Amino acid sequence: MLWEYSPSPEATDHVRIASRYNLFIGGKFVEPHSKKWFETINPATEATLAEMAEADAEDVDRAVREARRAYEKVWKKFAPSERAKYIFRIARLIQEKSRALAVVETMNGGKPIKESRDIDIPLAAAHFFYYAGWADKLEYAFPNRNVSSIGVAGQIIPWNFPLLMAAWKIAPALAAGNTVVLKPAETTPLTSMMLAEIMMEADLPPGVVNIITGAGATGAALVSHEDVDKIAFTGSTEVGKKIQRALSGTDTKLTLELGGKAPNIVFEDAPIDQAVEGIINGIYFNQGHVCCAGSRLFVQESIIEPVIRKLRERISTLRVGNPLDKNTDVGAINSRAQLEKIQELVDSGVEEGAEMFQSSCSLPAKGFWFAPTFFTGVSQSNRIAQEEIFGPVLSVLTFRTPEEAIEKANNTPYGLSAGVWTEKGSRILKMAQKLRAGVIWANTYNKFDPASPFGGYKESGFGREGGLHGLAPYVKLS
Ligand code: ADP
């Protein structure tokens with residue numbers, strides 16, 4: 001240990017979590033028809049935080065009917081500038097409540113408070129601000145076209161950035177004049193419920209946004225509901241494929257944001273310390289629970305030694321533990337199931353002969369934890385080089401020439417994001433042309449902005465979220 005930090009936990013006494021949450025349908029919280037509830041926990045302590053309603057097909061139908069009614073009778077008829085006012089109001093309320101939202105995000109998801117406080121919540125507010133600005137300017141977004149809304153959007157989101165993913169989905173949908181039924185992930189529903197309270201406080205007309213909780217079956221019922229005009233899904237490639245099959249032959253519009261196995265490519269002329277910091281940020285950030293995580297590191301052979309040495313030193317200084325502590329770098333794994341998945345893939349790496357280095361940090365006794373890990377001696381065919389691990393685990397490979405780097409980097413079924421580290425601007429541009437990835441960062445990693453579109457190639461999905469491009473899936477053009 002280089003430094004010892006005194007504990008510095010964020011206070012939780014200002015946060016109010018109800019013992020039970022119902023479904024947010026038609027502008028109010030209603031009991032589920034299913035009469036079933038499930039527990040949501042804190043993955044860092046395994047303590048129960050609240051009971052959540054489990055929406056069945058009948059509940060899904062109620063939510064879709066409310067969204068349809070609100071669309072036809074209210075939202076569609078509003079002047080665009082009127083819709084913008086509500087979206088601005090939601091953005092401001094998220095800012096006002098950002099401290100409580102950050103604490104709840106961390107308690108329910110396990111991510112470090114410094115991330116929920118500095119990344120998730122500010123970006124969620126920024127998304128609403130950004131799309132509020134577009135609401136009355138759609139004719140400039142799509143010049144010389146007639147722009148109209150689509151109708152009811154069903155939106156299904158994962159657990160890695162719960163509030164931020166809700167913002168990515170809801171903000172462009174509302175700005176383009178649609179109404180929404182959103183289903184958060186079953187392990188991280190709490191900030192969605194706080195968002196429902198914000199919708200009420202913003203006086204958003206009832207039914208414009210409906211938020212229903214439940215697991216895969218609830219999501220599947222939403223996908224197959226025949227009065228939903230558009231489905232937007234972010235999650236695993238496996239479920240994404242199921243949704244695509246379920247919707248084939250229907251005229252429901254679909255966007256999918258799925259998995260990734262992003263390459264981070266470091267050339268010998270890169271500033272090594274800066275690159276190592278970027279690599280660390282790219283994979284250990286948010287416990288590697290990031291679909292664009294830089295999970296495959298390609299290092300030019302001539303600098304492999306210093307890079308590995310610095311990586312080893314740096315991951316040994318990462319602070320793993322209480323996510324509510326402001327000094328924590330790596331928090332808890334989101335669920336037991338996810339922890340088991342990570343462990344299984346890491347075991348496969350060892351079995352397949354790669355060499356493992358793991359931080360020797362001590363892990364808390366309760367909760368779900370995984371020490372920051374990297375593998376060297378990885379070959380391209382190893383499962384840890386091919387499959388998405390979605391945990392704090394990095395696979396290190398080498399290359400000699402830019403062509404070899406491109407070929408190896410593109411050699412996965414995915415294509416969500418990539419990173420390039422080099423002093424040479426021309427090389428950055430060349431790599432960006434050849435890498436099959438929706439987002440390419442140069443000399444940085446995991447930077448997001450609401451104005452910048454995000455999305456994948458190949459099995460990472462289709463459609464873009466963010467920016468002007470993020471409006472396109474929510475409008476009809478003629
Ligand atoms: P992860 O593996 O990251 O948990 P999933 O794809 O399983 O990702 O989950 C992402 C979201 O999709 C969650 O909200 C989950 O409840 C939902 N989901 C799971 N199965 C289905 C399904 N068959 N149809 C629709 N949504 C689903």
# chains A, B, ... in the order shown; residues from 1 in each chain; ligands from 1
call {"tool": "residues_near_ligand", "arguments": {"ligand": "ligand 1", "cutoff": "10 Å", "atoms": "only C-alpha atoms and all ligand atoms", "output": "PDB file with N, CA, C and O atoms, in the first residue's frame"}}
result
ATOM      1  N   GLN A 155     -39.306   0.828 -23.653  1.00  0.00           N
ATOM      2  CA  GLN A 155     -37.857   0.971 -23.476  1.00  0.00           C
ATOM      3  C   GLN A 155     -37.373   0.070 -22.347  1.00  0.00           C
ATOM      4  O   GLN A 155     -37.920   0.101 -21.244  1.00  0.00           O
ATOM      5  N   ILE A 156     -36.362  -0.700 -22.629  1.00  0.00           N
ATOM      6  CA  ILE A 156     -35.863  -1.685 -21.655  1.00  0.00           C
ATOM      7  C   ILE A 156     -34.380  -1.426 -21.429  1.00  0.00           C
ATOM      8  O   ILE A 156     -33.601  -1.359 -22.384  1.00  0.00           O
ATOM      9  N   ILE A 157     -34.014  -1.273 -20.163  1.00  0.00           N
ATOM     10  CA  ILE A 157     -32.632  -0.850 -19.884  1.00  0.00           C
ATOM     11  C   ILE A 157     -31.930  -1.798 -18.913  1.00  0.00           C
ATOM     12  O   ILE A 157     -32.581  -2.528 -18.163  1.00  0.00           O
ATOM     13  N   PRO A 158     -30.606  -1.783 -18.914  1.00  0.00           N
ATOM     14  CA  PRO A 158     -29.819  -2.671 -18.060  1.00  0.00           C
ATOM     15  C   PRO A 158     -29.436  -2.010 -16.734  1.00  0.00           C
ATOM     16  O   PRO A 158     -29.845  -0.884 -16.458  1.00  0.00           O
ATOM     17  N   TRP A 159     -28.577  -2.709 -15.982  1.00  0.00           N
ATOM     18  CA  TRP A 159     -28.293  -2.278 -14.609  1.00  0.00           C
ATOM     19  C   TRP A 159     -26.989  -1.521 -14.459  1.00  0.00           C
ATOM     20  O   TRP A 159     -26.626  -1.117 -13.370  1.00  0.00           O
ATOM     21  N   ASN A 160     -26.246  -1.317 -15.539  1.00  0.00           N
ATOM     22  CA  ASN A 160     -24.907  -0.742 -15.331  1.00  0.00           C
ATOM     23  C   ASN A 160     -24.899   0.780 -15.138  1.00  0.00           C
ATOM     24  O   ASN A 160     -24.073   1.304 -14.411  1.00  0.00           O
ATOM     25  N   PRO A 162     -28.093   2.851 -14.373  1.00  0.00           N
ATOM     26  CA  PRO A 162     -29.561   2.837 -14.339  1.00  0.00           C
ATOM     27  C   PRO A 162     -30.224   4.180 -14.674  1.00  0.00           C
ATOM     28  O   PRO A 162     -31.043   4.243 -15.586  1.00  0.00           O
ATOM     29  N   LEU A 182     -41.235   2.538 -19.664  1.00  0.00           N
ATOM     30  CA  LEU A 182     -39.839   2.166 -19.406  1.00  0.00           C
ATOM     31  C   LEU A 182     -39.783   1.026 -18.392  1.00  0.00           C
ATOM     32  O   LEU A 182     -40.480   1.046 -17.389  1.00  0.00           O
ATOM     33  N   LYS A 183     -38.921   0.053 -18.695  1.00  0.00           N
ATOM     34  CA  LYS A 183     -38.685  -1.000 -17.702  1.00  0.00           C
ATOM     35  C   LYS A 183     -37.209  -1.020 -17.307  1.00  0.00           C
ATOM     36  O   LYS A 183     -36.343  -1.376 -18.104  1.00  0.00           O
ATOM     37  N   PRO A 184     -36.920  -0.634 -16.056  1.00  0.00           N
ATOM     38  CA  PRO A 184     -35.525  -0.710 -15.592  1.00  0.00           C
ATOM     39  C   PRO A 184     -35.140  -2.166 -15.324  1.00  0.00           C
ATOM     40  O   PRO A 184     -35.998  -3.051 -15.293  1.00  0.00           O
ATOM     41  N   ALA A 185     -33.853  -2.395 -15.134  1.00  0.00           N
ATOM     42  CA  ALA A 185     -33.387  -3.749 -14.822  1.00  0.00           C
ATOM     43  C   ALA A 185     -33.842  -4.153 -13.421  1.00  0.00           C
ATOM     44  O   ALA A 185     -33.986  -3.309 -12.533  1.00  0.00           O
ATOM     45  N   GLU A 186     -34.038  -5.445 -13.231  1.00  0.00           N
ATOM     46  CA  GLU A 186     -34.595  -5.919 -11.953  1.00  0.00           C
ATOM     47  C   GLU A 186     -33.656  -5.705 -10.774  1.00  0.00           C
ATOM     48  O   GLU A 186     -34.102  -5.618  -9.644  1.00  0.00           O
ATOM     49  N   THR A 187     -32.330  -5.596 -11.019  1.00  0.00           N
ATOM     50  CA  THR A 187     -31.435  -5.411  -9.870  1.00  0.00           C
ATOM     51  C   THR A 187     -31.253  -3.932  -9.496  1.00  0.00           C
ATOM     52  O   THR A 187     -30.756  -3.638  -8.409  1.00  0.00           O
ATOM     53  N   THR A 188     -31.621  -3.019 -10.382  1.00  0.00           N
ATOM     54  CA  THR A 188     -31.362  -1.594 -10.097  1.00  0.00           C
ATOM     55  C   THR A 188     -32.570  -0.698 -10.406  1.00  0.00           C
ATOM     56  O   THR A 188     -32.466   0.222 -11.220  1.00  0.00           O
ATOM     57  N   PRO A 189     -33.710  -0.947  -9.762  1.00  0.00           N
ATOM     58  CA  PRO A 189     -34.905  -0.172 -10.129  1.00  0.00           C
ATOM     59  C   PRO A 189     -35.070   1.139  -9.357  1.00  0.00           C
ATOM     60  O   PRO A 189     -35.932   1.946  -9.714  1.00  0.00           O
ATOM     61  N   THR A 213     -41.712  -2.062 -13.151  1.00  0.00           N
ATOM     62  CA  THR A 213     -40.591  -2.907 -12.726  1.00  0.00           C
ATOM     63  C   THR A 213     -40.937  -4.380 -12.917  1.00  0.00           C
ATOM     64  O   THR A 213     -42.097  -4.760 -12.992  1.00  0.00           O
ATOM     65  N   GLY A 214     -39.884  -5.182 -12.976  1.00  0.00           N
ATOM     66  CA  GLY A 214     -40.050  -6.617 -13.183  1.00  0.00           C
ATOM     67  C   GLY A 214     -38.798  -7.143 -13.866  1.00  0.00           C
ATOM     68  O   GLY A 214     -37.885  -6.373 -14.165  1.00  0.00           O
ATOM     69  N   ALA A 215     -38.775  -8.439 -14.134  1.00  0.00           N
ATOM     70  CA  ALA A 215     -37.583  -9.038 -14.744  1.00  0.00           C
ATOM     71  C   ALA A 215     -37.813  -9.297 -16.232  1.00  0.00           C
ATOM     72  O   ALA A 215     -38.583  -8.590 -16.881  1.00  0.00           O
ATOM     73  N   GLY A 216     -37.154 -10.335 -16.747  1.00  0.00           N
ATOM     74  CA  GLY A 216     -37.194 -10.617 -18.177  1.00  0.00           C
ATOM     75  C   GLY A 216     -38.610 -10.801 -18.718  1.00  0.00           C
ATOM     76  O   GLY A 216     -38.924 -10.339 -19.824  1.00  0.00           O
ATOM     77  N   ALA A 217     -39.486 -11.462 -17.942  1.00  0.00           N
ATOM     78  CA  ALA A 217     -40.845 -11.730 -18.439  1.00  0.00           C
ATOM     79  C   ALA A 217     -41.608 -10.425 -18.646  1.00  0.00           C
ATOM     80  O   ALA A 217     -42.381 -10.295 -19.603  1.00  0.00           O
ATOM     81  N   THR A 218     -41.375  -9.457 -17.777  1.00  0.00           N
ATOM     82  CA  THR A 218     -42.032  -8.153 -17.928  1.00  0.00           C
ATOM     83  C   THR A 218     -41.531  -7.483 -19.209  1.00  0.00           C
ATOM     84  O   THR A 218     -42.313  -6.937 -19.998  1.00  0.00           O
ATOM     85  N   GLY A 219     -40.206  -7.561 -19.420  1.00  0.00           N
ATOM     86  CA  GLY A 219     -39.621  -6.991 -20.635  1.00  0.00           C
ATOM     87  C   GLY A 219     -40.193  -7.659 -21.878  1.00  0.00           C
ATOM     88  O   GLY A 219     -40.566  -6.986 -22.856  1.00  0.00           O
ATOM     89  N   ALA A 220     -40.304  -8.991 -21.829  1.00  0.00           N
ATOM     90  CA  ALA A 220     -40.807  -9.731 -22.985  1.00  0.00           C
ATOM     91  C   ALA A 220     -42.263  -9.348 -23.273  1.00  0.00           C
ATOM     92  O   ALA A 220     -42.664  -9.225 -24.435  1.00  0.00           O
ATOM     93  N   ALA A 221     -43.054  -9.141 -22.208  1.00  0.00           N
ATOM     94  CA  ALA A 221     -44.460  -8.748 -22.404  1.00  0.00           C
ATOM     95  C   ALA A 221     -44.546  -7.369 -23.054  1.00  0.00           C
ATOM     96  O   ALA A 221     -45.423  -7.116 -23.885  1.00  0.00           O
ATOM     97  N   LEU A 222     -43.624  -6.495 -22.695  1.00  0.00           N
ATOM     98  CA  LEU A 222     -43.610  -5.156 -23.291  1.00  0.00           C
ATOM     99  C   LEU A 222     -43.241  -5.258 -24.785  1.00  0.00           C
ATOM    100  O   LEU A 222     -43.874  -4.627 -25.640  1.00  0.00           O
ATOM    101  N   VAL A 223     -42.242  -6.092 -25.071  1.00  0.00           N
ATOM    102  CA  VAL A 223     -41.808  -6.254 -26.467  1.00  0.00           C
ATOM    103  C   VAL A 223     -42.944  -6.788 -27.329  1.00  0.00           C
ATOM    104  O   VAL A 223     -43.148  -6.355 -28.459  1.00  0.00           O
ATOM    105  N   SER A 224     -43.711  -7.734 -26.771  1.00  0.00           N
ATOM    106  CA  SER A 224     -44.719  -8.369 -27.627  1.00  0.00           C
ATOM    107  C   SER A 224     -46.074  -7.662 -27.583  1.00  0.00           C
ATOM    108  O   SER A 224     -47.013  -8.097 -28.230  1.00  0.00           O
ATOM    109  N   ILE A 231     -39.540  -0.219 -29.981  1.00  0.00           N
ATOM    110  CA  ILE A 231     -38.829  -0.793 -28.832  1.00  0.00           C
ATOM    111  C   ILE A 231     -37.381  -0.315 -28.887  1.00  0.00           C
ATOM    112  O   ILE A 231     -36.736  -0.363 -29.935  1.00  0.00           O
ATOM    113  N   PHE A 233     -33.883  -1.087 -26.791  1.00  0.00           N
ATOM    114  CA  PHE A 233     -33.346  -2.028 -25.811  1.00  0.00           C
ATOM    115  C   PHE A 233     -31.850  -1.823 -25.649  1.00  0.00           C
ATOM    116  O   PHE A 233     -31.123  -1.688 -26.633  1.00  0.00           O
ATOM    117  N   THR A 234     -31.387  -1.799 -24.412  1.00  0.00           N
ATOM    118  CA  THR A 234     -29.957  -1.873 -24.129  1.00  0.00           C
ATOM    119  C   THR A 234     -29.757  -3.029 -23.172  1.00  0.00           C
ATOM    120  O   THR A 234     -30.421  -3.099 -22.134  1.00  0.00           O
ATOM    121  N   GLY A 235     -28.864  -3.939 -23.521  1.00  0.00           N
ATOM    122  CA  GLY A 235     -28.616  -5.083 -22.641  1.00  0.00           C
ATOM    123  C   GLY A 235     -27.751  -6.107 -23.345  1.00  0.00           C
ATOM    124  O   GLY A 235     -26.977  -5.764 -24.247  1.00  0.00           O
ATOM    125  N   SER A 236     -27.928  -7.363 -22.964  1.00  0.00           N
ATOM    126  CA  SER A 236     -27.054  -8.404 -23.501  1.00  0.00           C
ATOM    127  C   SER A 236     -27.400  -8.728 -24.952  1.00  0.00           C
ATOM    128  O   SER A 236     -28.545  -8.570 -25.390  1.00  0.00           O
ATOM    129  N   THR A 237     -26.404  -9.210 -25.673  1.00  0.00           N
ATOM    130  CA  THR A 237     -26.591  -9.589 -27.074  1.00  0.00           C
ATOM    131  C   THR A 237     -27.608 -10.728 -27.172  1.00  0.00           C
ATOM    132  O   THR A 237     -28.442 -10.759 -28.072  1.00  0.00           O
ATOM    133  N   GLU A 238     -27.548 -11.626 -26.192  1.00  0.00           N
ATOM    134  CA  GLU A 238     -28.459 -12.775 -26.191  1.00  0.00           C
ATOM    135  C   GLU A 238     -29.921 -12.321 -26.153  1.00  0.00           C
ATOM    136  O   GLU A 238     -30.745 -12.747 -26.967  1.00  0.00           O
ATOM    137  N   VAL A 239     -30.253 -11.436 -25.217  1.00  0.00           N
ATOM    138  CA  VAL A 239     -31.637 -10.952 -25.122  1.00  0.00           C
ATOM    139  C   VAL A 239     -31.968 -10.079 -26.332  1.00  0.00           C
ATOM    140  O   VAL A 239     -33.072 -10.157 -26.878  1.00  0.00           O
ATOM    141  N   GLY A 240     -30.997  -9.298 -26.793  1.00  0.00           N
ATOM    142  CA  GLY A 240     -31.214  -8.474 -27.980  1.00  0.00           C
ATOM    143  C   GLY A 240     -31.636  -9.313 -29.177  1.00  0.00           C
ATOM    144  O   GLY A 240     -32.540  -8.945 -29.931  1.00  0.00           O
ATOM    145  N   LYS A 241     -30.992 -10.465 -29.348  1.00  0.00           N
ATOM    146  CA  LYS A 241     -31.334 -11.345 -30.473  1.00  0.00           C
ATOM    147  C   LYS A 241     -32.756 -11.886 -30.312  1.00  0.00           C
ATOM    148  O   LYS A 241     -33.504 -11.993 -31.284  1.00  0.00           O
ATOM    149  N   LYS A 242     -33.109 -12.225 -29.057  1.00  0.00           N
ATOM    150  CA  LYS A 242     -34.478 -12.721 -28.795  1.00  0.00           C
ATOM    151  C   LYS A 242     -35.499 -11.664 -29.194  1.00  0.00           C
ATOM    152  O   LYS A 242     -36.528 -11.958 -29.797  1.00  0.00           O
ATOM    153  N   ILE A 243     -35.197 -10.420 -28.826  1.00  0.00           N
ATOM    154  CA  ILE A 243     -36.140  -9.328 -29.121  1.00  0.00           C
ATOM    155  C   ILE A 243     -36.259  -9.135 -30.626  1.00  0.00           C
ATOM    156  O   ILE A 243     -37.359  -8.965 -31.160  1.00  0.00           O
ATOM    157  N   GLN A 244     -35.126  -9.212 -31.288  1.00  0.00           N
ATOM    158  CA  GLN A 244     -35.145  -9.047 -32.747  1.00  0.00           C
ATOM    159  C   GLN A 244     -36.002 -10.137 -33.393  1.00  0.00           C
ATOM    160  O   GLN A 244     -36.788  -9.858 -34.300  1.00  0.00           O
ATOM    161  N   ALA A 246     -38.443 -11.778 -31.905  1.00  0.00           N
ATOM    162  CA  ALA A 246     -39.851 -11.564 -31.531  1.00  0.00           C
ATOM    163  C   ALA A 246     -40.501 -10.496 -32.409  1.00  0.00           C
ATOM    164  O   ALA A 246     -41.700 -10.545 -32.669  1.00  0.00           O
ATOM    165  N   GLU A 257     -28.878  -1.699 -28.369  1.00  0.00           N
ATOM    166  CA  GLU A 257     -27.499  -1.399 -27.975  1.00  0.00           C
ATOM    167  C   GLU A 257     -27.048  -2.564 -27.125  1.00  0.00           C
ATOM    168  O   GLU A 257     -27.574  -2.776 -26.028  1.00  0.00           O
ATOM    169  N   LEU A 258     -26.125  -3.351 -27.673  1.00  0.00           N
ATOM    170  CA  LEU A 258     -25.812  -4.636 -27.038  1.00  0.00           C
ATOM    171  C   LEU A 258     -24.390  -4.650 -26.485  1.00  0.00           C
ATOM    172  O   LEU A 258     -23.879  -3.621 -26.074  1.00  0.00           O
ATOM    173  N   GLY A 259     -23.768  -5.807 -26.519  1.00  0.00           N
ATOM    174  CA  GLY A 259     -22.485  -5.956 -25.832  1.00  0.00           C
ATOM    175  C   GLY A 259     -21.307  -5.353 -26.564  1.00  0.00           C
ATOM    176  O   GLY A 259     -21.441  -4.751 -27.625  1.00  0.00           O
ATOM    177  N   HIS A 289     -18.377  -2.865 -15.589  1.00  0.00           N
ATOM    178  CA  HIS A 289     -19.789  -3.040 -15.965  1.00  0.00           C
ATOM    179  C   HIS A 289     -20.157  -1.991 -17.019  1.00  0.00           C
ATOM    180  O   HIS A 289     -21.075  -1.193 -16.835  1.00  0.00           O
ATOM    181  N   VAL A 290     -19.419  -1.983 -18.099  1.00  0.00           N
ATOM    182  CA  VAL A 290     -19.615  -0.957 -19.109  1.00  0.00           C
ATOM    183  C   VAL A 290     -19.552  -1.671 -20.453  1.00  0.00           C
ATOM    184  O   VAL A 290     -18.584  -2.375 -20.725  1.00  0.00           O
ATOM    185  N   CYS A 291     -20.592  -1.491 -21.276  1.00  0.00           N
ATOM    186  CA  CYS A 291     -20.571  -2.255 -22.529  1.00  0.00           C
ATOM    187  C   CYS A 291     -19.437  -1.804 -23.435  1.00  0.00           C
ATOM    188  O   CYS A 291     -18.963  -2.561 -24.270  1.00  0.00           O
ATOM    189  N   ASN A 334     -22.415  -6.026  -9.462  1.00  0.00           N
ATOM    190  CA  ASN A 334     -23.830  -5.711  -9.344  1.00  0.00           C
ATOM    191  C   ASN A 334     -24.703  -6.815  -8.748  1.00  0.00           C
ATOM    192  O   ASN A 334     -25.711  -6.537  -8.102  1.00  0.00           O
ATOM    193  N   SER A 335     -24.361  -8.063  -8.966  1.00  0.00           N
ATOM    194  CA  SER A 335     -25.210  -9.141  -8.441  1.00  0.00           C
ATOM    195  C   SER A 335     -24.385 -10.409  -8.284  1.00  0.00           C
ATOM    196  O   SER A 335     -23.293 -10.530  -8.868  1.00  0.00           O
ATOM    197  N   ALA A 337     -25.186 -13.263  -9.534  1.00  0.00           N
ATOM    198  CA  ALA A 337     -25.154 -13.934 -10.843  1.00  0.00           C
ATOM    199  C   ALA A 337     -24.026 -13.369 -11.705  1.00  0.00           C
ATOM    200  O   ALA A 337     -23.308 -14.106 -12.388  1.00  0.00           O
ATOM    201  N   GLN A 338     -23.853 -12.043 -11.658  1.00  0.00           N
ATOM    202  CA  GLN A 338     -22.801 -11.426 -12.466  1.00  0.00           C
ATOM    203  C   GLN A 338     -21.425 -11.840 -11.955  1.00  0.00           C
ATOM    204  O   GLN A 338     -20.518 -12.119 -12.728  1.00  0.00           O
ATOM    205  N   LYS A 341     -20.602 -15.187 -13.215  1.00  0.00           N
ATOM    206  CA  LYS A 341     -20.257 -15.151 -14.640  1.00  0.00           C
ATOM    207  C   LYS A 341     -18.799 -14.707 -14.835  1.00  0.00           C
ATOM    208  O   LYS A 341     -18.050 -15.276 -15.623  1.00  0.00           O
ATOM    209  N   PHE A 390     -17.766  -8.324 -18.705  1.00  0.00           N
ATOM    210  CA  PHE A 390     -18.555  -7.364 -17.933  1.00  0.00           C
ATOM    211  C   PHE A 390     -18.120  -7.337 -16.470  1.00  0.00           C
ATOM    212  O   PHE A 390     -18.925  -7.338 -15.535  1.00  0.00           O
TER     213      PHE A 390
END
call {"tool": "residues_around", "arguments": {"residues": "Asn210 in chain A", "least_positions_apart": "4", "cutoff": "9 Å", "atoms": "only C-alpha atoms", "output": "list in words"}}
result
Leu23, Phe24, Ile25, Gly26, Gly27, Lys28, Ala63, Val64, Glu66, Ala67, Thr179, Val180, Val181, Leu182, Lys183, Ala196 and Pro206 of chain A
call {"tool": "write_last_selection", "arguments": {"atoms": "N, CA and C atoms", "output": "short mmCIF file (atom, residue, chain, number, x, y, z; two decimals), in the first residue's frame"}}
result
data_model
loop_
_atom_site.label_atom_id
_atom_site.label_comp_id
_atom_site.auth_asym_id
_atom_site.auth_seq_id
_atom_site.Cartn_x
_atom_site.Cartn_y
_atom_site.Cartn_z
N LEU A 23 -46.13 0.31 -9.18
CA LEU A 23 -45.82 0.63 -10.57
C LEU A 23 -46.25 2.06 -10.87
N PHE A 24 -45.46 2.77 -11.66
CA PHE A 24 -45.80 4.16 -12.01
C PHE A 24 -46.54 4.14 -13.35
N ILE A 25 -47.86 4.19 -13.25
CA ILE A 25 -48.69 4.10 -14.45
C ILE A 25 -49.73 5.22 -14.42
N GLY A 26 -49.86 5.92 -15.53
CA GLY A 26 -50.89 6.97 -15.61
C GLY A 26 -50.66 8.09 -14.59
N GLY A 27 -49.39 8.37 -14.29
CA GLY A 27 -49.07 9.49 -13.41
C GLY A 27 -49.18 9.21 -11.93
N LYS A 28 -49.48 7.96 -11.56
CA LYS A 28 -49.48 7.65 -10.12
C LYS A 28 -48.95 6.24 -9.86
N ALA A 63 -50.09 -0.10 -18.63
CA ALA A 63 -49.11 0.98 -18.86
C ALA A 63 -49.14 1.43 -20.32
N VAL A 64 -49.22 0.47 -21.24
CA VAL A 64 -49.23 0.83 -22.66
C VAL A 64 -50.51 1.60 -22.99
N GLU A 66 -52.23 3.51 -21.01
CA GLU A 66 -52.08 4.89 -20.48
C GLU A 66 -51.16 5.72 -21.38
N ALA A 67 -50.08 5.08 -21.85
CA ALA A 67 -49.15 5.80 -22.72
C ALA A 67 -49.85 6.18 -24.03
N THR A 179 -44.71 9.06 -26.26
CA THR A 179 -44.86 8.72 -24.85
C THR A 179 -44.15 7.39 -24.60
N VAL A 180 -43.97 7.06 -23.32
CA VAL A 180 -43.01 6.03 -22.96
C VAL A 180 -43.53 5.04 -21.92
N VAL A 181 -43.16 3.77 -22.11
CA VAL A 181 -43.23 2.79 -21.01
C VAL A 181 -41.81 2.28 -20.83
N LEU A 182 -41.24 2.54 -19.66
CA LEU A 182 -39.84 2.17 -19.41
C LEU A 182 -39.78 1.03 -18.39
N LYS A 183 -38.92 0.05 -18.69
CA LYS A 183 -38.69 -1.00 -17.70
C LYS A 183 -37.21 -1.02 -17.31
N ALA A 196 -39.57 8.60 -11.43
CA ALA A 196 -41.04 8.66 -11.52
C ALA A 196 -41.55 9.77 -10.59
N PRO A 206 -50.14 12.95 -16.82
CA PRO A 206 -50.20 11.51 -16.51
C PRO A 206 -50.13 10.66 -17.77
#
call {"tool": "select_by_dssp", "arguments": {"residues": "range 230-478 of chain A", "states": "alpha helix (DSSP H)", "output": "VMD selection string"}}
result
chain A and resid 237 to 247 272 to 284 304 to 316 336 to 351 383 to 386 402 to 409 425 to 434
call {"tool": "closest_residue", "arguments": {"among": "A:Asp227, A:Glu351, A:Asp329, A:Glu388", "to": "Cys292 in chain A", "atoms": "only C-alpha atoms"}}
result
A:Glu388
call {"tool": "closest_residue", "arguments": {"among": "A:Ile87, A:Ala171, A:Ile212, A:Met165", "to": "Asp59 in chain A", "atoms": "only C-alpha atoms"}}
result
A:Ile212
call {"tool": "closest_residue", "arguments": {"among": "A:Ile333, A:Leu394, A:Ile119, A:Leu101", "to": "Ile279 in chain A", "atoms": "only C-alpha atoms"}}
result
A:Leu394
call {"tool": "residues_around", "arguments": {"residues": "Lys430 in chain A", "least_positions_apart": "6", "cutoff": "12 Å", "atoms": "only C-alpha atoms", "output": "VMD selection string"}}
result
chain A and resid 402 to 403 405 to 406 420 422 424 440 442
call {"tool": "residues_around", "arguments": {"residues": "Phe448 in chain A", "least_positions_apart": "5", "cutoff": "10 Å", "atoms": "only C-alpha atoms", "output": "list of chain:residue names"}}
result
A:Ile119, A:Leu123, A:Pro453, A:Phe454, A:Gly466
call {"tool": "select_by_dssp", "arguments": {"residues": "range 77-271 of chain A", "states": "strand (DSSP E)", "output": "ChimeraX atom specification"}}
result
/A:147-149,152-156,179-183,209-211,230-234,253-257,263-266
call {"tool": "residues_around", "arguments": {"residues": "range 131-148 of chain A", "least_positions_apart": "3", "cutoff": "10 Å", "atoms": "only C-alpha atoms", "output": "ChimeraX atom specification"}}
result
/A:76,79-91,126-128,151,167-168,170-178,450-451,466-472,474-478
call {"tool": "residues_around", "arguments": {"residues": "Pro364 in chain A", "least_positions_apart": "3", "cutoff": "12 Å", "atoms": "only C-alpha atoms", "output": "list in words"}}
result
Pro43, Ala44, Thr45, Glu46, Arg319, Val320, Gly321, Asn322, Pro323, Gly331, Ala332, Ile333, Cys361, Gly367, Phe368, Trp369, Phe370 and Ala371 of chain A
call {"tool": "residues_around", "arguments": {"residues": "range 347-350 of chain A", "least_positions_apart": "2", "cutoff": "9 Å", "atoms": "only C-alpha atoms", "output": "VMD selection string"}}
result
chain A and resid 342 to 345 352 to 356 375 378 382 to 385
call {"tool": "atom_distance", "arguments": {"atom1": "CA of Ser316 in chain A", "atom2": "CA of Ile121 in chain A"}}
result
28.5 Å
call {"tool": "atom_distance", "arguments": {"atom1": "CA of Ile428 in chain A", "atom2": "CA of Asn443 in chain A"}}
result
9.1 Å
call {"tool": "closest_residue", "arguments": {"among": "A:Tyr21, A:Tyr5, A:Phe298, A:Phe285", "to": "Ile265 in chain A", "atoms": "only C-alpha atoms"}}
result
A:Phe298
call {"tool": "atom_distance", "arguments": {"atom1": "CA of Glu54 in chain A", "atom2": "CA of Phe38 in chain A"}}
result
6.6 Å
call {"tool": "closest_residue", "arguments": {"among": "A:Val60, A:Gly249, A:Arg336, A:Leu256", "to": "Tyr457 in chain A", "atoms": "only C-alpha atoms"}}
result
A:Leu256
